[in-house]
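Worksheet: the structure to be examined is printed underneath.
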There are 2 protein chains.
Amino acid sequence: MALDHAILVSLLEKPGSGYELSRRFERSIGYFWTATHQQIYRVLKRMEHDGWIDVRDVPQQGRPDKKEYSVAAPGRAALSEWLHEPVEPESVRHDLAVKIRGAAFDDPTALIREVERHRQAHADRLAHYLAGEQRDFTDPGADAPLDAGQELQHVVLRGGIAYERMTIAWLDDVLATLNRLHPAP
Amino acid sequence: MALDHAILVSLLEKPGSGYELSRRFERSIGYFWTATHQQIYRVLKRMEHDGWIDVRDVPQQGRPDKKEYSVAAPGRAALSEWLHEPVEPESVRHDLAVKIRGAAFDDPTALIREVERHRQAHADRLAHYLAGEQRDFTDPGADAPLDAGQELQHVVLRGGIAYERMTIAWLDDVLATLNRLHPAP
DNA sequence: GATGACATGTAACTAGTTACATGATTGG
DNA sequence: CCAATCATGTAACTAGTTACATGTCATC
């Protein structure tokens, strides 16, 4: 189970509340793991109960108070143990590919619009990632070189960028194939 | 829910048993959806109960008898309905990326071996896909051009190939980054 | 008679999704 | 006062995983 570990890594990078974690899962963590706030609050409660993380009430001005979570020693040990275990190469789940093969048994016109919609969504994500890369990982020069944690975050982001570029190119291939099979009038 | 629909598409391509479906999910369907035999038998039972698929007992020589499933009209209608609904661009789940960011808080040496293991697994999958492409989608000439269904299967396979190539290149980037951060003695 | 591929299932558990619910605080 | 963002949760359901279980048939 990697949601526990994804949360532990995120809290090690920076302690935060359940709400803040759910924001991060929409942003930087989102390109390698997803989770809703319901899942996050449930896991935080369990990890707190198990002593993996500590909680601190943080009063705030201008916004509701929050609970700030940070990783405790047992949580760090659990993460370290998991990091040393092998995990299986992840299984892909791709609804769109099911639809593409299903199009052989249906009118493919609706599928073209769907593929175009997905292409747009991936192009948007790519632009978002590239903006983040520009913002967070532009080398500031020899005075303040990126540290190891930043280098690792950057290489993961490069994976997200490569994934989006590959996907966009593939969706173009899909569109060309669909148009070849079903030429527009 | 796409497992139902993935099974329907596969049964439309060719009727078969639960066992055969679980083989297909290890092969061609495996690069866009995964399922274990337990899941498959459960879903087949439900779809049969709902009248989406028909069953036929097939006695065999040389091996145990089997149940052959094929898609019934209501199943085809349900698939068609789903094909016309938009689906959200899929969420990525990538344990390895969690581990890479986690490596900032742990010794990265073990991670290098893990990344190399994943690289090998993806290289094996790529070789497997390329062999399948060679076998199934080599243009036999104008006498027997590929039909629409085959073209669609091929473009999905090209997606799997592009994914594996992209992943291998990214894992090389990851290894280079890890070695830069932690030079071997 | 053992192993391995073929074939089909049940039970219990874990993870993920969807729907519902509440309340603070700011800015228009 | 209304909408938006921040903030935290519960309940019910659906999907996916892991462990267990049984039996056929061919080959060595």
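Chains: A, B, ... in order of the structure tokens. Residues: from 1 per chain. Ligands: from 1, in order shown.
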Chain A residues near chain C within 12 Å, closest pair each, using only C-alpha atoms (C1' of nucleotides), as CSV:
```
residue,atom,partner,partner_atom,distance
A:Met1,CA,C:DA15,C1',8.5
A:Ala2,CA,C:DA15,C1',10.4
A:Leu3,CA,C:DA15,C1',9.4
A:Asp4,CA,C:DA15,C1',11.2
A:Thr34,CA,C:DG16,C1',10.1
A:Ala35,CA,C:DG16,C1',8.4
A:Thr36,CA,C:DT17,C1',8.9
A:His37,CA,C:DT17,C1',11.3
A:Gln38,CA,C:DT17,C1',9.5
A:Gln39,CA,C:DG16,C1',7.7
A:Ile40,CA,C:DG16,C1',11.0
A:Arg42,CA,C:DA15,C1',11.2
A:Val43,CA,C:DA15,C1',10.7
A:Pro59,CA,C:DA24,C1',11.8
A:Gln60,CA,C:DT25,C1',10.6
A:Gln61,CA,C:DT25,C1',9.0
A:Gly62,CA,C:DT25,C1',6.1
A:Arg63,CA,C:DT25,C1',5.3
A:Pro64,CA,C:DA24,C1',5.1
A:Asp65,CA,C:DA24,C1',8.3
A:Lys66,CA,C:DA24,C1',10.9
```
Out of region 25-139 of chain A, which residues get alpha helix (DSSP H) from DSSP, as a PyMOL selection string?
chain A and resi 25-26+37-49+73-84+95-102+109-137
Check the DSSP output for the backbone and give back, as a ChimeraX atom specification, the residues of chain B in strand (DSSP E).
/B:53-58,66-71
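For the pair CA of Asp57 (chain A) and CA of His5 (chain A), the separation is 22.8 Å.
CA of Phe32 (chain B) sits 19.0 Å away from CA of Arg117 (chain A).
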